[in-house]
Amino acid sequence: MYKVAVIKGDGIGPEVIDAAIRVVKSVTDKIKFYEFEGGLSVFKKYGVPIREEDLEEIRKMDAILFGATTTPFDVPRYKSLIITLRKELDLYANLRIIPNFKLRKEIIIVRENSEGLYSGEGAYDSNKVVDFRIITRKGAERIAKFAVKLAKDRSTFLTFVHKANILESDRFFRKIVLDIARKEDVKVREEIVDSFTIKLVKDPWNLGIILSENMFGDILSDLATIHAGSIGIVPSGNYGEDIALFEPIHGSAPDIAGKGIANPIGAILSAAMMLDYLGLDGSIIWKAVGRYVRRGNLTPDMEGRATTLEVTNGIISEIYRLDEYEIDEVWRDEVRLGRILLEIS
Ligand SMILES: O=C(O)CC[C@H](C(=O)O)[C@@H](O)C(=O)O
Ligand SMILES: [Mn+2]
């Protein structure tokens with residue numbers, strides 16, 4: 001039995017995680033879920049986004065399923081819950097898969113998840129505030145190895161996106177990435193981040209594995225979602241040495257919370273990535289989602305009129321119908337990616 005910590009969060013987080021858990025339970029009974037509270041409501045009670053005793057319990061779990069939490073700009077000392085979890089659990093690799101189920105293609109972004117401009121270190125006085133953009137040798141080496149392994153397993157290349165023409169930290173990062181890729185005989189295409197945004201918009205389907213620093217990866221992964229039909233269907237895995245956290249890359253969307261129209265697919269596919277990580281088979285869910293997206297009624301963010309419940313039920317029906325399909329109808333990358341993510345874990 002696998003133990004999975006569930007942090008639903010706020011906004012649409014609880015709605016999409018409930019949907020994801022229903023889908024997981026339709027494909028396996030090998031997971032037991034343990035719910036934990038986190039975010040602003042916990043901060044208001046205890047002065048921290050998540051209690052230390054809960055973090056201790058979470059560290060003993062096999063994986064984490066995370067919904068979404070709202071991070072206000074103006075609450076003194078409040079720190080984002082997801083950033084806190086990434087730091088506390090050292091989840092250094094953020095793998096984001098931007099799928100287009102109609103084209104049967106995907107954009108894969110590896111975002112360094114522990115440092116860069118998200119280092120949280122800096123300096124300030126009443127007239128000047130500095131956020132340090134930190135690249136360490138350890139941080140650069142481990143994310144480069146993660147991305148190079150993914151590229152090698154998929155027989156593809158790396159697109160390393162940086163600003164080394166200006167930033168010393170990216171000059172340092174670049175040398176380490178090129179060195180590790182060379183040792184593994186993986187080709188690297190270099191892109192400077194500003195001009196790369198044009199290519200990501202205009203010609204996104206032959207970019208191999210995209211690797212970038214934390215902040216650049218955050219921005220590029222949202223930009224890439226224009227090719228998925230909605231940010232609402234994009235999953236992610238935050239991998240550390242000891243545990244991994246799976247979450248949709250969308251936010252808490254307070255404007256639609258409680259209306260029953262949130263897109264559950266990002267959370268459902270994040271749960272599929274979690275199954276692969278645990279050594280179960282997430283590809284069943286990828287296949288069912290692909291079939292549903294190609295023919296089903298979708299939520300308003302994808303120009304449909306369906307509710308969260310209708311999309312979830314539709315995907316579960318596709319899962320139960322799956323034995324009608326041969327494996328060769330499956331979008332090849334879905335299956336291989338499932339196995340590869342398994343190897344990463
Ligand atoms: O608002 C937050 O609490 C975190 C946002 C978070 C980020 O990495 O900046 C989100 O945008 C993401 O891409 O995971
Ligand atoms: Mn983001």
# chains A, B, ... in the order shown; residues from 1 in each chain; ligands from 1
>>> closest_atom_pairs(of="chain A", to="ligand 2", cutoff="8 Å", atoms="only C-alpha atoms and all ligand atoms", output="CSV")
residue,atom,partner,partner_atom_place_in_ligand_line,distance
A:Asp218,CA,ligand 2,1 (Mn),4.6
A:Ile219,CA,ligand 2,1 (Mn),6.3
A:Ser221,CA,ligand 2,1 (Mn),7.1
A:Asp222,CA,ligand 2,1 (Mn),6.1
A:Ile249,CA,ligand 2,1 (Mn),6.3
A:His250,CA,ligand 2,1 (Mn),7.1
A:Gly251,CA,ligand 2,1 (Mn),7.8
>>> closest_atom_pairs(of="region 67-86 of chain A", to="region 120-141 of chain A", cutoff="12 Å", atoms="only C-alpha atoms", output="CSV")
residue,atom,partner,partner_atom,distance
A:Lys79,CA,A:Gly120,CA,9.7
A:Ser80,CA,A:Gly120,CA,11.0
A:Ile83,CA,A:Gly120,CA,9.5
A:Thr84,CA,A:Gly120,CA,10.1
A:Arg86,CA,A:Gly120,CA,11.9
>>> write_last_selection(atoms="C-alpha atoms", output="short mmCIF file (atom, residue, chain, number, x, y, z; two decimals), in the first residue's frame")
data_model
loop_
_atom_site.label_atom_id
_atom_site.label_comp_id
_atom_site.auth_asym_id
_atom_site.auth_seq_id
_atom_site.Cartn_x
_atom_site.Cartn_y
_atom_site.Cartn_z
CA LYS A 79 5.81 32.65 2.37
CA SER A 80 4.21 30.64 -0.43
CA ILE A 83 7.76 27.27 -2.42
CA THR A 84 8.11 26.28 1.26
CA ARG A 86 9.92 22.68 -2.53
#
>>> residues_around(residues="Asp62 (chain A)", least_positions_apart="6", cutoff="9 Å", atoms="only C-alpha atoms", output="list of chain:residue names")
A:Tyr2, A:Lys3, A:Val4, A:Ala5, A:Asp242, A:Ile243, A:Ala244, A:Leu278
>>> write_last_selection(atoms="N, CA, C and O atoms", output="CSV table (one decimal), in the first residue's frame")
chain,number,residue,atom,x,y,z
A,2,TYR,N,0.7,2.2,-0.9
A,2,TYR,CA,1.5,3.4,-1.0
A,2,TYR,C,0.7,4.5,-0.2
A,2,TYR,O,-0.5,4.6,-0.2
A,3,LYS,N,1.5,5.3,0.6
A,3,LYS,CA,0.9,6.4,1.4
A,3,LYS,C,1.2,7.7,0.7
A,3,LYS,O,2.3,8.1,0.4
A,4,VAL,N,0.1,8.4,0.4
A,4,VAL,CA,0.2,9.7,-0.4
A,4,VAL,C,-0.4,10.8,0.5
A,4,VAL,O,-1.5,10.7,0.9
A,5,ALA,N,0.4,11.8,0.7
A,5,ALA,CA,-0.1,13.0,1.4
A,5,ALA,C,-0.8,13.9,0.5
A,5,ALA,O,-0.4,14.1,-0.7
A,242,ASP,N,14.3,12.2,-2.1
A,242,ASP,CA,13.6,11.3,-1.2
A,242,ASP,C,12.1,11.2,-1.4
A,242,ASP,O,11.4,10.3,-1.0
A,243,ILE,N,11.5,12.2,-2.1
A,243,ILE,CA,10.1,12.2,-2.3
A,243,ILE,C,9.8,13.1,-3.5
A,243,ILE,O,10.7,13.8,-3.9
A,244,ALA,N,8.5,13.0,-3.9
A,244,ALA,CA,8.1,13.9,-5.1
A,244,ALA,C,6.7,14.4,-4.8
A,244,ALA,O,5.9,13.7,-4.2
A,278,LEU,N,5.4,6.2,-8.5
A,278,LEU,CA,5.3,5.1,-7.4
A,278,LEU,C,5.6,3.7,-8.0
A,278,LEU,O,5.6,2.8,-7.3
>>> residues_around(residues="Arg111 (chain A)", least_positions_apart="2", cutoff="12 Å", atoms="only C-alpha atoms", output="ChimeraX atom specification")
/A:91-97,108-109,113-116,118,139-140,142-144,146-147,159-162,209-222,236-239
>>> residues_around(residues="Ala253 (chain A)", least_positions_apart="4", cutoff="10 Å", atoms="only C-alpha atoms", output="PyMOL selection string")
chain A and resi 10-13+68-70+257+262
>>> select_by_dssp(residues="region 53-86 of chain A", states="helix (DSSP H, G or I)", output="list in words")
Glu53, Asp54, Leu55, Glu56, Glu57, Ile58, Arg59, Leu81, Ile82, Ile83, Thr84, Leu85 and Arg86 of chain A
>>> write_last_selection(atoms="N, CA and C atoms", output="PDB file, in the first residue's frame")
ATOM      1  N   GLU A  53       5.058  19.602  12.553  1.00  0.00           N
ATOM      2  CA  GLU A  53       4.677  18.196  12.818  1.00  0.00           C
ATOM      3  C   GLU A  53       4.032  17.569  11.573  1.00  0.00           C
ATOM      4  N   ASP A  54       3.332  18.382  10.791  1.00  0.00           N
ATOM      5  CA  ASP A  54       2.748  17.848   9.547  1.00  0.00           C
ATOM      6  C   ASP A  54       3.851  17.585   8.522  1.00  0.00           C
ATOM      7  N   LEU A  55       4.831  18.497   8.444  1.00  0.00           N
ATOM      8  CA  LEU A  55       5.962  18.266   7.530  1.00  0.00           C
ATOM      9  C   LEU A  55       6.682  16.966   7.873  1.00  0.00           C
ATOM     10  N   GLU A  56       6.840  16.705   9.149  1.00  0.00           N
ATOM     11  CA  GLU A  56       7.502  15.457   9.589  1.00  0.00           C
ATOM     12  C   GLU A  56       6.714  14.232   9.108  1.00  0.00           C
ATOM     13  N   GLU A  57       5.412  14.291   9.236  1.00  0.00           N
ATOM     14  CA  GLU A  57       4.555  13.181   8.762  1.00  0.00           C
ATOM     15  C   GLU A  57       4.649  13.051   7.238  1.00  0.00           C
ATOM     16  N   ILE A  58       4.633  14.193   6.560  1.00  0.00           N
ATOM     17  CA  ILE A  58       4.669  14.186   5.078  1.00  0.00           C
ATOM     18  C   ILE A  58       5.972  13.568   4.579  1.00  0.00           C
ATOM     19  N   ARG A  59       7.074  13.859   5.298  1.00  0.00           N
ATOM     20  CA  ARG A  59       8.375  13.301   4.886  1.00  0.00           C
ATOM     21  C   ARG A  59       8.371  11.771   4.898  1.00  0.00           C
ATOM     22  N   LEU A  81       3.222  28.519   0.208  1.00  0.00           N
ATOM     23  CA  LEU A  81       3.265  27.122   0.687  1.00  0.00           C
ATOM     24  C   LEU A  81       4.018  26.219  -0.272  1.00  0.00           C
ATOM     25  N   ILE A  82       3.782  26.355  -1.567  1.00  0.00           N
ATOM     26  CA  ILE A  82       4.435  25.423  -2.512  1.00  0.00           C
ATOM     27  C   ILE A  82       5.939  25.690  -2.553  1.00  0.00           C
ATOM     28  N   ILE A  83       6.330  26.953  -2.442  1.00  0.00           N
ATOM     29  CA  ILE A  83       7.764  27.270  -2.418  1.00  0.00           C
ATOM     30  C   ILE A  83       8.372  26.721  -1.131  1.00  0.00           C
ATOM     31  N   THR A  84       7.640  26.833  -0.025  1.00  0.00           N
ATOM     32  CA  THR A  84       8.113  26.280   1.258  1.00  0.00           C
ATOM     33  C   THR A  84       8.315  24.760   1.149  1.00  0.00           C
ATOM     34  N   LEU A  85       7.362  24.071   0.536  1.00  0.00           N
ATOM     35  CA  LEU A  85       7.471  22.606   0.398  1.00  0.00           C
ATOM     36  C   LEU A  85       8.637  22.240  -0.512  1.00  0.00           C
ATOM     37  N   ARG A  86       8.816  22.990  -1.608  1.00  0.00           N
ATOM     38  CA  ARG A  86       9.924  22.679  -2.528  1.00  0.00           C
ATOM     39  C   ARG A  86      11.258  22.816  -1.807  1.00  0.00           C
TER      40      ARG A  86
END
>>> closest_residue(among="A:Phe196, A:Phe73, A:Phe172, A:Trp286", to="ligand 1", atoms="only C-alpha atoms and all ligand atoms")
A:Phe73
>>> closest_residue(among="A:Val201, A:Val148, A:Phe173, A:Leu167", to="Lys187 (chain A)", atoms="only C-alpha atoms")
A:Val148
>>> closest_residue(among="A:Thr225, A:Asn297, A:Asn206, A:Asn100", to="ligand 1", atoms="only C-alpha atoms and all ligand atoms")
A:Thr225
>>> closest_residue(among="A:Leu200, A:Leu117, A:Ala151, A:Val289", to="ligand 1", atoms="only C-alpha atoms and all ligand atoms")
A:Leu117
>>> atom_distance(atom1="CA of Ser283 (chain A)", atom2="CA of Leu269 (chain A)")
9.4 Å
>>> residues_around(residues="Ile284 (chain A)", least_positions_apart="2", cutoff="8 Å", atoms="only C-alpha atoms", output="list in words")
Val27, Asp281, Gly282, Trp286, Lys287, Ala288, Ile319 and Leu322 of chain A
>>> write_last_selection(atoms="N, CA and C atoms", output="JSON list (two decimals), in the first residue's frame")
[["chain", "number", "residue", "atom", "x", "y", "z"],
["A", 27, "VAL", "N", -8.41, 3.39, -11.01],
["A", 27, "VAL", "CA", -7.40, 2.54, -11.67],
["A", 27, "VAL", "C", -6.58, 1.71, -10.69],
["A", 281, "ASP", "N", 0.92, 2.31, -12.95],
["A", 281, "ASP", "CA", 0.84, 2.64, -14.38],
["A", 281, "ASP", "C", -0.02, 3.87, -14.62],
["A", 282, "GLY", "N", 0.66, 5.01, -14.80],
["A", 282, "GLY", "CA", -0.09, 6.24, -15.04],
["A", 282, "GLY", "C", -0.56, 6.36, -16.48],
["A", 286, "TRP", "N", -3.36, 8.73, -18.84],
["A", 286, "TRP", "CA", -3.00, 9.58, -20.00],
["A", 286, "TRP", "C", -3.84, 9.17, -21.22],
["A", 287, "LYS", "N", -3.98, 7.86, -21.42],
["A", 287, "LYS", "CA", -4.74, 7.38, -22.59],
["A", 287, "LYS", "C", -6.19, 7.83, -22.49],
["A", 288, "ALA", "N", -6.77, 7.64, -21.30],
["A", 288, "ALA", "CA", -8.19, 7.99, -21.13],
["A", 288, "ALA", "C", -8.40, 9.50, -21.29],
["A", 319, "ILE", "N", -11.71, 5.31, -19.01],
["A", 319, "ILE", "CA", -10.82, 4.31, -18.38],
["A", 319, "ILE", "C", -11.48, 2.94, -18.40],
["A", 322, "LEU", "N", -11.27, 1.39, -21.77],
["A", 322, "LEU", "CA", -9.93, 1.28, -22.37],
["A", 322, "LEU", "C", -9.63, -0.12, -22.89]]
>>> atom_distance(atom1="CA of Ala19 (chain A)", atom2="CA of Pro264 (chain A)")
6.2 Å
>>> residues_around(residues="region 308-313 of chain A", least_positions_apart="5", cutoff="12 Å", atoms="only C-alpha atoms", output="ChimeraX atom specification")
/A:12,14-24,26,232-233,256-269,285,288-289,291-293,295-302,318-320
>>> atom_distance(atom1="CA of Leu245 (chain A)", atom2="CA of Phe66 (chain A)")
6.8 Å
>>> closest_residue(among="A:Ser252, A:Leu158, A:Trp205, A:Phe33", to="Ile231 (chain A)", atoms="only C-alpha atoms")
A:Ser252
>>> closest_residue(among="A:Gly47, A:Pro204, A:Gly304, A:Pro235", to="ligand 1", atoms="only C-alpha atoms and all ligand atoms")
A:Pro235
